[in-house]
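Colleague: Take a look at the following structure, please.
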Protein chains: 2
Amino acid sequence: MPDIRVHLGLKFQIPMKKFLLLMLMFPLLSTAQTDHESTFRKIYDSALTQSKCYAWLDDLSNKIGARLSGSENAEKAVLYTKTQMEQSGCFDKVWLQEVMVPKWVRGEKETAFIRDGKKKTAVPICALGSSVATPKVGLEAEVVEVHSIAELETLGTQRLKGKIVFFNRPMDPKHVDTFTSYGGCVDQRGKGAREAAKFGAVGVIVRSMTLRLDDYPHAGNMGYGDLPRDQYIPAAAISTNGAELLSKTLKANPKLRFFFKQSCETFPDVLSYNVIGEITGSTHPQNIMVVGGHLDSWDIGDGSHDDGAGVVQSMEVAHIFKNIGYQPQNTLRVVLFMNEENGGRGGDQYQAEAARKKEHHIFALESDCGGFSPRGFTFDGSAAQLEWAKQTQSLFEPYLVHVFKKGYAGVDIAPLKSPNLLKAGFRPDTQRYFDHHHAATDTFAAVNKRELELGAATMAALVYLVDQQGQ
Amino acid sequence: MPDIRVHLGLKFQIPMKKFLLLMLMFPLLSTAQTDHESTFRKIYDSALTQSKCYAWLDDLSNKIGARLSGSENAEKAVLYTKTQMEQSGCFDKVWLQEVMVPKWVRGEKETAFIRDGKKKTAVPICALGSSVATPKVGLEAEVVEVHSIAELETLGTQRLKGKIVFFNRPMDPKHVDTFTSYGGCVDQRGKGAREAAKFGAVGVIVRSMTLRLDDYPHAGNMGYGDLPRDQYIPAAAISTNGAELLSKTLKANPKLRFFFKQSCETFPDVLSYNVIGEITGSTHPQNIMVVGGHLDSWDIGDGSHDDGAGVVQSMEVAHIFKNIGYQPQNTLRVVLFMNEENGGRGGDQYQAEAARKKEHHIFALESDCGGFSPRGFTFDGSAAQLEWAKQTQSLFEPYLVHVFKKGYAGVDIAPLKSPNLLKAGFRPDTQRYFDHHHAATDTFAAVNKRELELGAATMAALVYLVDQQGQ
């Protein structure tokens with residue numbers, strides 16, 4: 001390597017650059033940069049040596065398990081987390097906030113097969129959330145494979161009437177952030193059925209939203225939009241291996257038939273709860289900071305990553321503060337939202353109550369991307385707030401947290417409104433998330449204790465900085 | 001949040017900072033920054049959509065399995081990788097480099113128990129690499145627990161003679177980089193036995209080097225140094241749960257006895273090989289760049305992370321270059337080293353041959369920290385080289401690779417010497433590494449395909465930059 005430093009006169013430039021970086025750091029330095037560094041160290045040490053989050057997650061995943069809105073397990077999770085928050089001694093106040101939630105029930109295990117002439121090959125499927133059932137005897141029809149909703153228009157009623165539409169556009173592996181790949185596909189799951197129904201399709205099968213090739217169907221919500229009730233058609237996810245097989249078999253035999261049977265059902269809404277714990281701010285109690293995840297999960301797997309992790313990490317933020325003796329100046333609320341998966345009612349309800357009480361929220365942080373190694377945050381706020389957030393990065397550097405950028409913060413805090421409110425989404429490493437998301441593979445064993453703890457510490461550190469600098 | 005940007009006059013400062021950053025980036029810009037960006041994109045796309053590394057690892061782990069130096073499996077791995085490299089069409093030349101390696105064999109599965117009065121409790125152990133066997137009937141003695149080698153001196157022969165020394169200092173969970181925690185403990189494994197033997201101890205049991213509490217003993221090498229052969233004492237690793245139990249039981253009954261039996265044996269050195277594939281440089285064939293991992297593994301688990309991952313990632317670097325049509329200007333060698341785990345003979349041999357042939361190495365990159373999400377590199381080189389390396393970071397930013405710092409590069413390339421040689425160690429996320437390291441849990445299922453591929457791409461991207469900028 002040539003000595004590029006000398007070539008460019010860097011011996012002169014580096015001190016100048018450092019000088020400007022120091023200037024940029026000024027707000028942190030002026031409020032005792034070393035104090036922040038020291039508090040960060042305490043926060044991470046607490047998380048890595050005395051956290052409760054992993055044990056909480058063990059209970060939530062292994063003693064309770066899957067907890068779809070409106071289910072008995074969801075209510076157990078409400079009671080469990082309320083009790084744990086009360087017993088933790090971390091909060092001044094713990095309460096339940098009533099929220100009416102949808103109650104969709106999967107019913108019997110689904111069955112499906114490809115009928116290729118005389119050959120029947122079973123494939124793993126699961127009904128999509130909010131879908132209607134097939135007829136009791138199941139549904140069998142020819143299949144039309146498509147790769148986008150736009151393609152339906154091209155094919156038209158003539159090709160689609162009476163058929164099962166098979167949405168098979170895979171997640172694009174080229175995106176480093178797998179959520180981008182997910183975002184590029186999930187319209188097939190969300191509105192594939194309603195759009196296909198408009199052309200007379202009788203059912204839809206959607207390739208699972210995962211980058212792996214495996215045998216697990218991945219659940220997730222769908223909706224019928226404004227479609228008249230009598231035009232609802234059943235929708236199911238098929239495992240990626242199943243999708244590959246179906247696609248390949250279709251190429252050889254376009255007349256093959258697909259059979260599936262599901263008995264899922266939507267019942268009237270039921271009463272459930274957001275679980276809220278509050279530490280009243282010592283100096284600015286009227287200013288509220290929220291940190292949260294969602295208590296509900298899909299009904300397969302045990303919801304450890306989605307979003308048991310976010311729940312226990314949010315609780316851990318309060319535990320870390322207690323453990324290191326940090327009293328927030330602003331009010332801190334840990335909010336465990338109900339019904340993120342199939343309605344978002346918890347987030348709506350929290351905002352409705354906040355508006356009714358004229359509460360002033362200065363900050364909201366959501367963890368709903370799994371319990372993986374922390375990489376950073378996305379921020380939804382003003383340019384000045386984003387600039388402030390980026391300046392905090394140097395404090396996170398020793399903990400290998402690097403990403404501080406503009407972006408969506410999360411479903412549950414999306415409805416929240418307050419003047420000058422900064423929202424943040426916790427962003428862990430995304431490579432493994434969709435191996436587990438909404439599937440039977442979302443289990444406690446797939447969560448690493450240290451990754452979970454480091455996430456909690458990273459969240460606590462940001463909440464601490466907001467509390468120190470905010471308003 | 002207040003508008004800190006206005007407060008600090010950042011509107012003025014940011015453009016200046018950007019200007020200086022642009023200046024710092026000059027060497028990359030001057031050699032077509034956009035070309036680099038475009039090649040990076042091709043490299044990552046190739047890895048994420050057309051790589052062979054995961055399939056190679058599947059073979060290495062599941063068709064061959066554990067491959068300790070001198071074992072039949074190690075030879076199978078040599079042949080397999082040589083054949084794959086030849087058949088890949090990525091190389092101008094593939095050859096085997098002879099190297100004599102130690103042959104240590106574990107023998108029968110070890111047994112161990114705590115004898116607490118009349119109660120016998122079995123605990124999981126495994127012999128440490130290079131250890132001698134116990135007597136055939138096993139070894140039983142009272143136990144002295146220590147937390148450091150220094151403590152042996154304090155206790156002295158009076159307390160230690162005839163005893164089993166139990167090294168129980170755990171890895172410190174507070175380090176974010178788990179290799180730092182490992183480095184703070186591994187002296188107990190490496191030289192605990194030789195030091196304890198000096199005080200008349202009859203055996204040593206070492207707490208496994210992992211941050212988890214589980215039932216897996218973790219192997220690893222030890223050595224007797226200058227100790228006379230007749231003073232060698234057997235050494236074994238105990239699972240962390242076993243260590244916790246032993247420690248707790250000892251507190252209640254300091255007179256308890258520990259039994260263990262192992263039949264491991266060291267045979268005369270045997271002939272083995274480094275596997276080397278070379279792409280001859282188009283412009284500077286005399287300048288050699290090495291990228292490598294080690295072919296051997298411990299004999300439990302299947303060595304997927306340690307270091308199957310590094311092997312297949314190194315091979316993938318050449319495959320990516322072929323796939324995107326990149327012809328290196330300098331010679332690129334993929335070197336699969338033999339015997340990293342219990343001797344480092346492959347690295348020594350490679351350097352010896354290079355010296356004999358007066359080869360000129362400009363760069364060496366080692367991947368031996370597992371197949372996890374890439375975080376960056378450590379560099380061992382001059383200040384100017386380090387500065388150059390840091391400047392490359394902005395190109396890696398879109399791929400979430402942030403760590404470019406001074407540090408140790410790796411065991412196998414440590415012996416390599418050349419004027420102005422830059423060495424680099426690939427650094428993936430470290431949180432899960434010691435859950436698997438040298439244990440039965442180091443299996444193919446623990447490797448995520450995308451994490452492995454992103455690591456290979458990150459390595460290829462750095463090799464590409466060195467090739468473009470080097471010498």
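Chain labels follow the order of the structure tokens: the first chain is A, the next B, and so on; residue numbering restarts at 1 in every chain, and ligands are counted from 1 in their shown order.
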Near B:Ile205, within 8 Å and counting only C-alpha atoms, which residues show up once chain neighbours fewer than 6 positions away are dropped, as a PDB file with N, CA, C and O atoms, in the first residue's frame?

Modeller:
```
ATOM      1  N   ILE B 164      -6.922 -32.485  42.339  1.00  0.00           N
ATOM      2  CA  ILE B 164      -7.356 -32.029  41.014  1.00  0.00           C
ATOM      3  C   ILE B 164      -7.609 -30.532  41.134  1.00  0.00           C
ATOM      4  O   ILE B 164      -8.364 -30.090  42.009  1.00  0.00           O
ATOM      5  N   VAL B 165      -6.957 -29.763  40.285  1.00  0.00           N
ATOM      6  CA  VAL B 165      -7.195 -28.317  40.289  1.00  0.00           C
ATOM      7  C   VAL B 165      -8.343 -27.994  39.334  1.00  0.00           C
ATOM      8  O   VAL B 165      -8.350 -28.444  38.186  1.00  0.00           O
ATOM      9  N   PHE B 166      -9.285 -27.248  39.838  1.00  0.00           N
ATOM     10  CA  PHE B 166     -10.490 -26.889  39.071  1.00  0.00           C
ATOM     11  C   PHE B 166     -10.425 -25.388  38.753  1.00  0.00           C
ATOM     12  O   PHE B 166     -10.610 -24.552  39.631  1.00  0.00           O
ATOM     13  N   PHE B 167     -10.101 -25.087  37.497  1.00  0.00           N
ATOM     14  CA  PHE B 167     -10.041 -23.684  37.056  1.00  0.00           C
ATOM     15  C   PHE B 167     -11.454 -23.223  36.700  1.00  0.00           C
ATOM     16  O   PHE B 167     -12.043 -23.741  35.748  1.00  0.00           O
ATOM     17  N   ALA B 235      -5.850 -33.210  31.518  1.00  0.00           N
ATOM     18  CA  ALA B 235      -6.653 -31.997  31.588  1.00  0.00           C
ATOM     19  C   ALA B 235      -7.935 -32.173  30.794  1.00  0.00           C
ATOM     20  O   ALA B 235      -7.905 -32.700  29.678  1.00  0.00           O
ATOM     21  N   ALA B 236      -9.026 -31.731  31.371  1.00  0.00           N
ATOM     22  CA  ALA B 236     -10.329 -31.841  30.689  1.00  0.00           C
ATOM     23  C   ALA B 236     -11.126 -30.564  30.876  1.00  0.00           C
ATOM     24  O   ALA B 236     -10.924 -29.821  31.838  1.00  0.00           O
ATOM     25  N   ALA B 237     -12.020 -30.311  29.930  1.00  0.00           N
ATOM     26  CA  ALA B 237     -12.984 -29.213  30.061  1.00  0.00           C
ATOM     27  C   ALA B 237     -14.275 -29.774  30.637  1.00  0.00           C
ATOM     28  O   ALA B 237     -14.677 -30.890  30.317  1.00  0.00           O
ATOM     29  N   ILE B 238     -14.911 -28.985  31.478  1.00  0.00           N
ATOM     30  CA  ILE B 238     -16.203 -29.359  32.046  1.00  0.00           C
ATOM     31  C   ILE B 238     -17.240 -28.351  31.539  1.00  0.00           C
ATOM     32  O   ILE B 238     -16.918 -27.178  31.351  1.00  0.00           O
TER      33      ILE B 238
END
```

Colleague: Write out as JSON, numbers by chain the set of residues from stretch 108-250 of chain A that DSSP, computed on the backbone, places in strand (DSSP E).

Modeller: {"A": [111, 112, 113, 114, 115, 116, 119, 120, 121, 122, 125, 126, 127, 139, 140, 141, 142, 143, 144, 145, 146, 164, 165, 166, 167, 203, 204, 205, 206, 207, 235, 236, 237, 238]}

Colleague: Write to file, as a PDB file, in the first residue's frame, the residues of the selection just made, with C-alpha atoms.

Modeller:
```pdb
ATOM      1  CA  THR A 111     -54.328 -29.559   4.783  1.00  0.00           C
ATOM      2  CA  ALA A 112     -53.289 -29.061   1.178  1.00  0.00           C
ATOM      3  CA  PHE A 113     -52.064 -31.091  -1.734  1.00  0.00           C
ATOM      4  CA  ILE A 114     -51.117 -30.782  -5.366  1.00  0.00           C
ATOM      5  CA  ARG A 115     -53.170 -33.136  -7.547  1.00  0.00           C
ATOM      6  CA  ASP A 116     -51.060 -33.821 -10.612  1.00  0.00           C
ATOM      7  CA  LYS A 119     -50.460 -38.155  -8.005  1.00  0.00           C
ATOM      8  CA  LYS A 120     -51.280 -36.285  -4.800  1.00  0.00           C
ATOM      9  CA  THR A 121     -48.434 -34.469  -3.026  1.00  0.00           C
ATOM     10  CA  ALA A 122     -49.096 -32.879   0.357  1.00  0.00           C
ATOM     11  CA  ILE A 125     -49.820 -24.427   4.300  1.00  0.00           C
ATOM     12  CA  CYS A 126     -51.418 -22.267   6.963  1.00  0.00           C
ATOM     13  CA  ALA A 127     -54.437 -20.005   6.717  1.00  0.00           C
ATOM     14  CA  LEU A 139     -61.567 -26.328  -2.062  1.00  0.00           C
ATOM     15  CA  GLU A 140     -60.029 -27.722  -5.215  1.00  0.00           C
ATOM     16  CA  ALA A 141     -59.365 -25.880  -8.451  1.00  0.00           C
ATOM     17  CA  GLU A 142     -56.860 -25.274 -11.175  1.00  0.00           C
ATOM     18  CA  VAL A 143     -54.047 -22.900 -10.370  1.00  0.00           C
ATOM     19  CA  VAL A 144     -52.790 -19.741 -12.015  1.00  0.00           C
ATOM     20  CA  GLU A 145     -49.349 -18.633 -10.883  1.00  0.00           C
ATOM     21  CA  VAL A 146     -48.704 -14.892 -10.793  1.00  0.00           C
ATOM     22  CA  ILE A 164     -56.857 -20.569  -7.283  1.00  0.00           C
ATOM     23  CA  VAL A 165     -54.385 -17.733  -7.714  1.00  0.00           C
ATOM     24  CA  PHE A 166     -50.876 -18.642  -6.583  1.00  0.00           C
ATOM     25  CA  PHE A 167     -48.793 -15.585  -5.673  1.00  0.00           C
ATOM     26  CA  GLY A 203     -58.914 -18.915  -3.403  1.00  0.00           C
ATOM     27  CA  VAL A 204     -55.345 -17.710  -3.088  1.00  0.00           C
ATOM     28  CA  ILE A 205     -52.138 -19.388  -2.067  1.00  0.00           C
ATOM     29  CA  VAL A 206     -49.253 -17.066  -1.190  1.00  0.00           C
ATOM     30  CA  ARG A 207     -45.575 -17.977  -1.091  1.00  0.00           C
ATOM     31  CA  ALA A 235     -56.203 -17.303   1.554  1.00  0.00           C
ATOM     32  CA  ALA A 236     -53.325 -19.421   2.795  1.00  0.00           C
ATOM     33  CA  ALA A 237     -49.541 -19.256   2.937  1.00  0.00           C
ATOM     34  CA  ILE A 238     -47.542 -22.112   1.465  1.00  0.00           C
TER      35      ILE A 238
END
```

Colleague: List the neighbours of stretch 350-361 of chain A out to 8 Å using only C-alpha atoms; skip same-chain residues closer than 5 positions along the sequence, and give me the result as a VMD selection string.

Modeller: chain A and resid 97 274 286 to 290 415 to 419 421

Colleague: Hey, which of A:Ala424, A:Ala384, A:Cys369, A:Leu295 ends up closest to chain B? Count only C-alpha atoms.

Modeller: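 Ranking A:Ala424, A:Ala384, A:Cys369, A:Leu295 by distance to chain B, first place goes to A:Ala384.
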
Colleague: What's the 8 Å shell around B:Glu108, counting only C-alpha atoms, without same-chain residues fewer than 6 positions away, as a VMD selection string?

Modeller: chain B and resid 262 to 264

Colleague: Would you mind telling me which residue in A:Gly293, A:Gly200, A:Gly220, A:Gly183 lies nearest to A:Lys161 when using only C-alpha atoms?

Modeller: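 Closest to A:Lys161, using only C-alpha atoms: A:Gly200.
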
Colleague: Write out as a ChimeraX atom specification the residues lying within 7 Å of A:Leu68, counting only C-alpha atoms and excluding same-chain residues fewer than 3 positions away.

Modeller: /A:71,74,296-299

Colleague: Residues of the last selection are to be written out with all heavy atoms, as a compact mmCIF listing (two decimals), in the first residue's frame.

Modeller:
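Generated output (result-v5.txt):
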```txt
# COMPACT_ATOMS: atom_id res chain seq x y z
N SER A 71 -57.07 -14.56 22.32
CA SER A 71 -56.90 -15.93 22.80
C SER A 71 -56.68 -15.94 24.32
O SER A 71 -56.34 -14.93 24.92
CB SER A 71 -55.71 -16.59 22.11
OG SER A 71 -54.51 -15.98 22.56
N ALA A 74 -53.20 -14.87 25.18
CA ALA A 74 -52.98 -13.42 25.14
C ALA A 74 -53.35 -12.83 26.51
O ALA A 74 -52.64 -11.96 27.03
CB ALA A 74 -53.79 -12.78 24.03
N ASP A 296 -49.10 -9.45 21.75
CA ASP A 296 -49.70 -10.52 20.96
C ASP A 296 -48.68 -11.10 19.99
O ASP A 296 -47.65 -10.47 19.69
CB ASP A 296 -50.92 -9.99 20.19
CG ASP A 296 -50.56 -8.90 19.18
OD1 ASP A 296 -49.86 -7.94 19.57
OD2 ASP A 296 -50.94 -9.02 18.00
N SER A 297 -48.97 -12.30 19.52
CA SER A 297 -48.11 -12.93 18.50
C SER A 297 -49.00 -13.76 17.60
O SER A 297 -50.19 -13.96 17.90
CB SER A 297 -47.07 -13.84 19.17
OG SER A 297 -47.68 -15.08 19.54
N TRP A 298 -48.44 -14.28 16.53
CA TRP A 298 -49.21 -15.24 15.75
C TRP A 298 -49.36 -16.52 16.56
O TRP A 298 -48.74 -16.67 17.61
CB TRP A 298 -48.60 -15.45 14.35
CG TRP A 298 -49.04 -14.31 13.48
CD1 TRP A 298 -48.31 -13.24 13.07
CD2 TRP A 298 -50.37 -14.08 12.99
NE1 TRP A 298 -49.09 -12.36 12.37
CE2 TRP A 298 -50.37 -12.85 12.30
CE3 TRP A 298 -51.59 -14.78 13.08
CZ2 TRP A 298 -51.51 -12.31 11.70
CZ3 TRP A 298 -52.72 -14.24 12.47
CH2 TRP A 298 -52.67 -13.02 11.79
N ASP A 299 -50.19 -17.40 16.05
CA ASP A 299 -50.62 -18.57 16.84
C ASP A 299 -49.80 -19.81 16.54
O ASP A 299 -50.13 -20.90 16.99
CB ASP A 299 -52.11 -18.83 16.58
CG ASP A 299 -52.41 -19.02 15.10
OD1 ASP A 299 -51.64 -18.49 14.26
OD2 ASP A 299 -53.40 -19.71 14.78
```

Colleague: I want to know what sits within 8 Å of B:Ser51, based on only C-alpha atoms, with residues of the same chain fewer than 2 positions away left out; could you give that as an MDAnalysis selection string?

Modeller: chainID B and resid 46:49 53:54 316 319:320 453

Colleague: Please dump the current selection as a PDB file, in the first residue's frame; keep C-alpha atoms.

Modeller:
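Now in result.pdb:
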```
ATOM      1  CA  SER B  46     -23.267 -12.517  -6.592  1.00  0.00           C
ATOM      2  CA  ALA B  47     -22.837 -13.732  -3.021  1.00  0.00           C
ATOM      3  CA  LEU B  48     -26.506 -13.361  -2.126  1.00  0.00           C
ATOM      4  CA  THR B  49     -27.881 -14.994  -5.243  1.00  0.00           C
ATOM      5  CA  CYS B  53     -20.364 -21.417  -0.071  1.00  0.00           C
ATOM      6  CA  TYR B  54     -23.416 -22.697   1.795  1.00  0.00           C
ATOM      7  CA  GLU B 316     -16.275 -18.107  -2.410  1.00  0.00           C
ATOM      8  CA  HIS B 319     -15.966 -17.847  -7.068  1.00  0.00           C
ATOM      9  CA  ILE B 320     -17.406 -14.330  -6.784  1.00  0.00           C
ATOM     10  CA  GLU B 453     -22.754 -15.188   2.148  1.00  0.00           C
TER      11      GLU B 453
END
```

Colleague: Set the distance at 10 Å and use only C-alpha atoms: which residues neighbour A:Ala414 once local chain neighbours fewer than 5 positions away are removed? I'd like the list as a count of residues only.

Modeller: 10
